[in-house]
Structure formats: structure tokens, C-alpha cells
Amino acid sequence: MEISQEARDVVGDYKSGWHDTENSTIRFDSGLSEKVVRDISKIKNEPEWMTEVRVKAYRHFAEREMPTWGNMSMLEQIDFENVCYYLRSSSATENDWDEVPEEIRNTFERLGIPEAEQKWLSGVTAQYESEAVYHSIREDLVAQGVIFLDMDSGLREYPEIVKKWFCSVIPYSDNKFSALNTAVWSGGSFIYVPKGVHVEMPVQAYFRINAKNMGQFERTLIIADEGSSIHYVEGCTAPTYSTDSLHSAVVELVALPGSHIRYSTVQNWSANVYNLVTKRGIAHKNAKIEWVDGNIGSKLTMKYPSVILKGEGSHAEVISVAYSGNGQHQDAGAKIHHLASNTTSKILSKSISKDGGRGSYRGMVTVSPKAENCKLNVVCDALILDDESRSDTYPTMEVANPTARCEHEASVSKVSDDQLFYLMSRGHSEEEALALIVNGFFEPFTRELPMEYAVELNKLMALEMEGSIG
Amino acid sequence: MNAATTYGKISETTDRADHLWRYTPWKKIHPTGDVKEVPQINEEVKICLKNLDGTDLTEGISLQRGDRIEEKMPNIDVVATSFLEAVSNNCRWVLKTKRKFYSDTPILLEIEAQGNMHALELVLDIGDMSDFEIVTVIKGKADWLGLLRTGKIGKGSNICDVTVGIQEKGVLLRLDCISLGRDANMNTGTVSSGSEKTKADLRYRMAESGSNLQVLGSILSRDEMHLDYHIEIQHDAPETFSRLVWNAACGGNSRTIGTGMLKVAKGSTGTDAAQNFHNLLLSKGAHADGIPELEVSESNVVGCGHGIANGPIDENQLFYLESRGFSKSDARSALIAAFLNSTLTKMGSSYLHTWLSKLLTSELDIMNK
């Protein structure tokens, strides 16, 4: 577990905290107005209906109050007028890695994206600032009819599908940040998996913010047709600046009857990024949606992956971990709505607070009056590693059907002295022992990730745990 | 600033995002529905203190008009509290015990309200090292009753405090705001099957080290009842212990709500705290909501946890009782009684338990009719 001085010099406190010289081809002035929204749509040469949706969403955003819950003092610090809402560093989305501009290519090579693609991915989208810069998908999947594009290309090439499903799961009026995203969205992934097709290896998107005061508003839409399955993995990083950036994504999943979508995230934004994301899926009959969500970085994360269990026999699972360090507030959780009978769901949330960080679980599960025989289980565990940190749990459970069986349990504790003592008696230093216990605490999450991501996460946690003792 | 002025300034600030008001907005509890109004109450409630078995009270306990104790009180919700202070019109009673007061018979405090609207404030001034059980029974047919209990449990005291709500109709607004002294031990129970609508905000502060609190609920809702309980426990001292066990059985088209908040302040080392909400759903139209919340700012705790479980009556248990000769309805009643009894048994002595059980059985009989 020892990190060499050389490695420490390279990574600093935050491994992905370097930044490239900003070499944008188009950069909008900071600030948001209806003109900015229309200009984004115009640059992208979008159909009229999309421009109208954007404008409506902008008007809603302008009128909508900030949420009156969560970390209101941090939310109030967001200066929407100091954010750049569109920045393009590459003139096109490339299919050949060598065609990507050199500086951007270097960034993603340092993040290990091309290597991972060769080894174990079915497809990759890399997004730099507002636009996707690189995109590829395995040919055999294309032959089976799988569509994996960046969202802008998806809108251009498959406007009917996008029009049918866009905003169908998360309307722009859902919350202030979904309205903001709908108004200024750019990039993200568009995936359609045809009936009965199983995408065996995961597809990946990697999101990188490079510029100062940048807003990244990607929009992802995944549709799994009947009996199909897909595993989508996303990773996020940004450089460390003294001023704040804003990441406000919207992710919509549609799992049609009998399909299975797994959506894994390892978010490692730098500690100057507001990460305010709306993620929701609709599961039709016998479909299954899983959110596997790791939150390590950012200044404030407010993210509650949701599933609407609309079809009978559908299933939802949310596994999330959060690490809150100095000055960070991870306000994460899950929401599951049981609308149909015989639906089941499971939420497992783990959080660690250290160096004055604050970890909050905020969840909601509801069972509607017509949903018979639903089962749901929620487990939240939290570790507090020092006297400066804080852990909160705010679960909501609303049950309107007497046949439902619902359980929620949560616990907050410190690292057990017995466990530390045992590991140290086996020759580990106290720091190594603590890192092992923390990795073990996160194990239910890491075992659900692809191997490369799990190893990466363990390394990140080891870096975050540096200096925990003494 | 007097209470009416304070209320006037904040009456419109309750927010659904605040879980205290999520399921029962203030205007639904306010006597007139017009939250700006502070109605005048001219009638007084009947209040009476006696031994539960009819014998004379032991010397050392008194109930008389007096002033509030402003000592290490928990945080309060200013909206409901300032409103009750404003409308109670100085109708403030102080229940005081001398140091080392002891009673081997449970004490009964009856509050009976008839007519339109009533409000009163009850101050608990429990002397150090006291040891007794007290049952507060709220009854009558008033349209609206507000009860604000404030006060302190003295050092080293050992108190069983049960509140029973059996009003025949109306709205009950009940606020508890009580602090526990060093090594004080308090068992506080709520037995409720009355009123059409109840909003209770019960707050306890573990203000000094070694204090020990058990909060218990046996709630039976039926017909169109709407019973909303918020229980907040604040650990502000080292080596404190609290447990909350809240059992609610919901029948008819009723709705029961249990929201709990467990706050552990920085410096409250060695805190051991847990809360559990259990809801038994008895009919198609019944609805149960729960939000057990935790805010922990101290790492060196024994443990802090919470749980919530909702479900129907266990079919296997029903089948077993029917195979032993119970009719279906008797088996069902027995299981509901057993569910509510699991918290009732912890509320006090066997004498008090027998008395409470009879009360609960009669309420169950009403539901089964």
C-alpha cells in the first residue's frame, strides 16, 4: 500500500488534477440567456422541435427556485453567470484515435482510455468539455443493430427515436438542474440495443472537463429493447482550479420488457466541481435496471439514481459508495418507485467521511396502492474516520399497499479497534490496516465493477486514505 | 418579543422539504386553516392529578400554575411552539416533584377537553433522584386540542411517562420539549388510538452525561385517522443512550406517519443510539410513511443506527393460530395485539402494563366491530 514519493509527486492530492492548455475552437462567453440556448442549438444545426424544447426548459430554469433541501448554503454559491455553457475543442467526433487533436489525445491516454478500449470494451465515447471527441464501437455489435453514438450524432442520425424518448423519463420540469441540462445539453451518449441482443462487454463513456469555470451538461439516453442487455460504464475527471465548475448531467434509461441495463459510474471530479446530476430509469415488465455508483470527488454531489418500476415483475438495484474528504459534501442516495405488482428492489449505500467531509444518504422508496406483493430492502452503512467529519441518513419510505414488505436499516460507526488490532498483529502498519478495512467496506461495490475500474477505485481510495493515521 | 409576534413573523415559512411538515402541512393542523390567524381561546381544559388505583397521592408531587423552566431545552420547531404559546393564553400548569420523590403506585394525570378549542402548557419539573410512573390520559370531544409539554427530568431520576390519546374526535397537536439531566433514566411511551388527526412533535435532549432514554410507541389507527408523529432525540453529552421503538398498526383508510431524527453532536463520545419504526398494514386503504433520519457528527460512538419495516400480518402466524382453534378474526386481533404489546410491555411496571393492555383491547374491539 506504500505510495512512492515519485508517484506522490506526479499525482499530488488529486490524481487527475492536471490540465491542458485551453485550445478551444468555439467558446461562448460566460452567462446564460435565451440567446445562448438558441445559439447552442443553431451551432449543432438541430431540428426545430429540439430548439423549442431547449427554450422551454430555459424559461423553466429561469423561473424555478433553487431546491430548499440538501446543502443549500453550497448551492447558493453557484454563480450561473460565471459558467461557460458551451466550449468546443475539436471540430468533429473522430472514429480514429490518431485523428483526435494531440493535447486531447494525451489527456485521455493519461487516463488510460485507449488501453482499456483495446482490452475489454465493446465501445467508447470520450467527451472533452461540451463535445464528444472520440467515438468507436465494435463492428460485430453494429452488425447486430446496436446503436452507440454520442447524443448529438444520435439526434442527427436517428431523430425519430430521440424525439420519442427524449425527456420521456425525466421531463425538463422535473427539477431546476434537469431544466438547465435540457436547455444547454451537449454531448453524452445515445444507445439503442435491439430486441434480444446481449452486449457482452461493457461500453464506456469518459467525461473530462479541462477548462476553468466550465459547465458540462451531457445528456445520455439508453434504450434497451425487449430481452436485450447492456452494461454502460462512465468515468469523470476534471483539473483542479481555484474557481468552480459545474457538471449537471441528465441520464434517461428505458428498459423495455425483459431487458437489463446496468449503469456504472466512477465519479472522480476534482474538489472544485459541483456535480448535480439527475439519473432515472423506467423498467417495464420483467426488466431490470441497476445503478452502480461511486462518488469520490467533487465539491458538492447531489445525485439520487432513480428507478420507476412500471412493469410487473421488474427489479431495481442501486449500489452506491461515497467518499467525502475535506470541504466535500456527498449528498447521494437512491429513489425507487414501485408502481406495479411483484416488483422488487434493493439499495445498498456505503459512505466514508474523513477530514471534515460530510456524507449524506438521501433516499426515497414508495409503493403505490395498486402494487401488490412488492419487496424492497435498503441498507446504509457509514464510517466516520475522524472527529471533524459528519454522516447523515435521510431515508423516506411511503407505503400504500398492505402486501408490501419493506425494510430499511442504517448504521453509523467508526473503524473497529478489534479489526485494526488484528491486522496490525499480522504485520500491517496502522495505515495499511485502515486502507484494507476501507477497501473491505467498499467491497460490495467494487465487486460489481469491471476489473479495471475496481482496481482503479482501490488505488484512488488508497490515495485518499494517505495520511489518515496520526 | 411575545409568542404571538414571533408566530406572526414565521407562520408562512413551513416547507414540505422540511420532513417535519412533509405529510401534514401546518395549515391542516391549524384550528381554522388560516395560518395567519391566532384564535382566542376562552375555555380551559379540565386537568386532574390522582393515583391510578384511586388511593391518595404520595406527598411530594404537585400540580399548580407556574412558570416555565428554561434549562438546556432541545431545539424546537418555532412555528407550532410559538402558536401554542400564543393561543394557550398563559394556561400553564407545572407538575413538580420534590427531590427523591417516590411513588409505588402509578400516577394518573387526566386532561379532558370538551367544546371547540383548547390549549395548555404543562411544565415537568422533576426533582433529582425521583422515581415514579405517570400516565397522562388525553380524552374528550374537543374539536381542537393543543398540548405543549416542556421541562426537565432531574439528575439520577427514574421516570416512566406514558401518554395515552383516546379523544373521540378532533385534532390533537402535541409537542414535547424535554431535557434529561445527568444519569437520568426516562421511559416515555405513547399509546394512541384517538383523534381524527394528530400531529405530534416530540423532542428530547440528552443534555448531560449518562442519561438514558427509551421512546416507545403503540399506535392503532383506524377509519380515516391521520396520525403523524415526529420524534427527535438530540445527544449533546458523552456516554448517553437512547432507543426508539415505534409500532403502528394501520387499518381502515387511515394513515400513520413516523419521522424520527437522531442527532449526535460533536463531543458526544460513547453515544449509543438507535431508532426503529415498524408498521403493520391491515387493510387495502391503509397507508404508512416513515423517515428515520440520522445526523452524526461524532466518530467515537458505540453505534448509531436506525431501521424501518413495513408489512402485512404474517400469513404463517395466522395459519398457526387458526390451526389451534382461533377464528380468523380472533387470530388477527391476537396478532395485532401482540404487535402493539411488544412496545407496551416496556412502558412500565406490570400494574401499568395491565391497565394499558385493557385500554388497548377495548380500542381493538372498537376496530373489529
# chains A, B, ... in the order shown; residues from 1 in each chain; ligands from 1
>>> residues_around(residues="B:Asn300", least_positions_apart="5", cutoff="7 Å", atoms="only C-alpha atoms", output="VMD selection string")
(chain A and resid 414) or (chain B and resid 269 to 270)
>>> residues_around(residues="A:Val233", least_positions_apart="6", cutoff="10 Å", atoms="only C-alpha atoms", output="list in words")
Leu121, Val124, Pro202, Val203, Gln204, Ala205, Tyr206, Arg262, Tyr263, Ser264, Thr265, Val266, Val292, Asp293, Leu449, Pro450 and Tyr453 of chain A
>>> select_by_dssp(residues="stretch 181-240 of chain A", states="strand (DSSP E)", output="NGL selection string")
:A and (189-193 or 203-208 or 215-216 or 219-224 or 229-237)
>>> write_last_selection(atoms="C-alpha atoms", output="short mmCIF file (atom, residue, chain, number, x, y, z; two decimals), in the first residue's frame")
data_model
loop_
_atom_site.label_atom_id
_atom_site.label_comp_id
_atom_site.auth_asym_id
_atom_site.auth_seq_id
_atom_site.Cartn_x
_atom_site.Cartn_y
_atom_site.Cartn_z
CA SER A 189 -24.27 9.00 -25.16
CA PHE A 190 -27.14 7.63 -27.18
CA ILE A 191 -27.56 3.87 -27.11
CA TYR A 192 -30.18 1.63 -28.60
CA VAL A 193 -29.92 -2.13 -28.16
CA VAL A 203 -19.48 0.17 -23.32
CA GLN A 204 -17.79 3.18 -21.83
CA ALA A 205 -18.03 6.94 -21.84
CA TYR A 206 -15.40 9.15 -20.30
CA PHE A 207 -16.16 12.75 -19.41
CA ARG A 208 -13.41 15.27 -18.93
CA GLY A 215 -20.18 23.72 -17.38
CA GLN A 216 -20.56 20.21 -18.71
CA ARG A 219 -27.31 14.06 -21.93
CA THR A 220 -27.44 10.29 -22.05
CA LEU A 221 -30.30 8.19 -23.33
CA ILE A 222 -30.15 4.40 -23.27
CA ILE A 223 -32.95 2.28 -24.68
CA ALA A 224 -32.77 -1.49 -24.23
CA SER A 229 -28.96 -6.33 -22.14
CA ILE A 230 -26.17 -3.77 -21.84
CA HIS A 231 -23.61 -2.60 -19.31
CA TYR A 232 -22.63 1.05 -19.60
CA VAL A 233 -19.68 2.46 -17.67
CA GLU A 234 -18.86 6.13 -17.24
CA GLY A 235 -15.90 7.85 -15.65
CA CYS A 236 -15.44 11.52 -14.88
CA THR A 237 -12.46 13.74 -14.05
#
>>> interface_residues(of="chain A", to="chain B", cutoff="7 Å", atoms="only C-alpha atoms", output="PyMOL selection string")
chain A and resi 68-69+384-387+389-414
>>> write_last_selection(atoms="C-alpha atoms", output="PDB file, in the first residue's frame")
ATOM      1  CA  THR A  68     -34.880  24.110  -0.411  1.00  0.00           C
ATOM      2  CA  TRP A  69     -33.228  20.928   0.872  1.00  0.00           C
ATOM      3  CA  ILE A 384     -16.667   8.299  10.203  1.00  0.00           C
ATOM      4  CA  LEU A 385     -12.887   8.370  10.373  1.00  0.00           C
ATOM      5  CA  ASP A 386     -12.241  11.464  12.497  1.00  0.00           C
ATOM      6  CA  ASP A 387     -13.843  13.971  14.841  1.00  0.00           C
ATOM      7  CA  SER A 389     -16.466  14.684   9.839  1.00  0.00           C
ATOM      8  CA  ARG A 390     -20.164  14.053   9.710  1.00  0.00           C
ATOM      9  CA  SER A 391     -22.559  11.450   8.395  1.00  0.00           C
ATOM     10  CA  ASP A 392     -26.302  11.813   7.802  1.00  0.00           C
ATOM     11  CA  THR A 393     -29.052   9.495   6.666  1.00  0.00           C
ATOM     12  CA  TYR A 394     -32.387  10.791   5.374  1.00  0.00           C
ATOM     13  CA  PRO A 395     -34.449   7.884   4.070  1.00  0.00           C
ATOM     14  CA  THR A 396     -38.096   8.251   3.134  1.00  0.00           C
ATOM     15  CA  MET A 397     -40.444   5.301   2.848  1.00  0.00           C
ATOM     16  CA  GLU A 398     -44.054   5.679   1.694  1.00  0.00           C
ATOM     17  CA  VAL A 399     -46.117   2.511   1.565  1.00  0.00           C
ATOM     18  CA  ALA A 400     -49.713   2.499   0.371  1.00  0.00           C
ATOM     19  CA  ASN A 401     -50.243  -1.209  -0.196  1.00  0.00           C
ATOM     20  CA  PRO A 402     -50.639  -3.630   2.738  1.00  0.00           C
ATOM     21  CA  THR A 403     -48.987  -6.559   0.929  1.00  0.00           C
ATOM     22  CA  ALA A 404     -45.647  -4.793   0.576  1.00  0.00           C
ATOM     23  CA  ARG A 405     -42.669  -5.947   2.603  1.00  0.00           C
ATOM     24  CA  CYS A 406     -40.259  -3.112   3.115  1.00  0.00           C
ATOM     25  CA  GLU A 407     -37.101  -2.916   5.171  1.00  0.00           C
ATOM     26  CA  HIS A 408     -34.626  -0.180   5.788  1.00  0.00           C
ATOM     27  CA  GLU A 409     -31.649  -0.234   8.094  1.00  0.00           C
ATOM     28  CA  ALA A 410     -28.742   2.109   8.600  1.00  0.00           C
ATOM     29  CA  SER A 411     -25.781   2.328  10.883  1.00  0.00           C
ATOM     30  CA  VAL A 412     -23.023   4.801  11.548  1.00  0.00           C
ATOM     31  CA  SER A 413     -19.853   3.641  13.229  1.00  0.00           C
ATOM     32  CA  LYS A 414     -16.126   4.116  13.484  1.00  0.00           C
TER      33      LYS A 414
END
>>> atom_distance(atom1="atom CA of A:Lys44", atom2="atom CA of A:Phe177")
21.6 Å
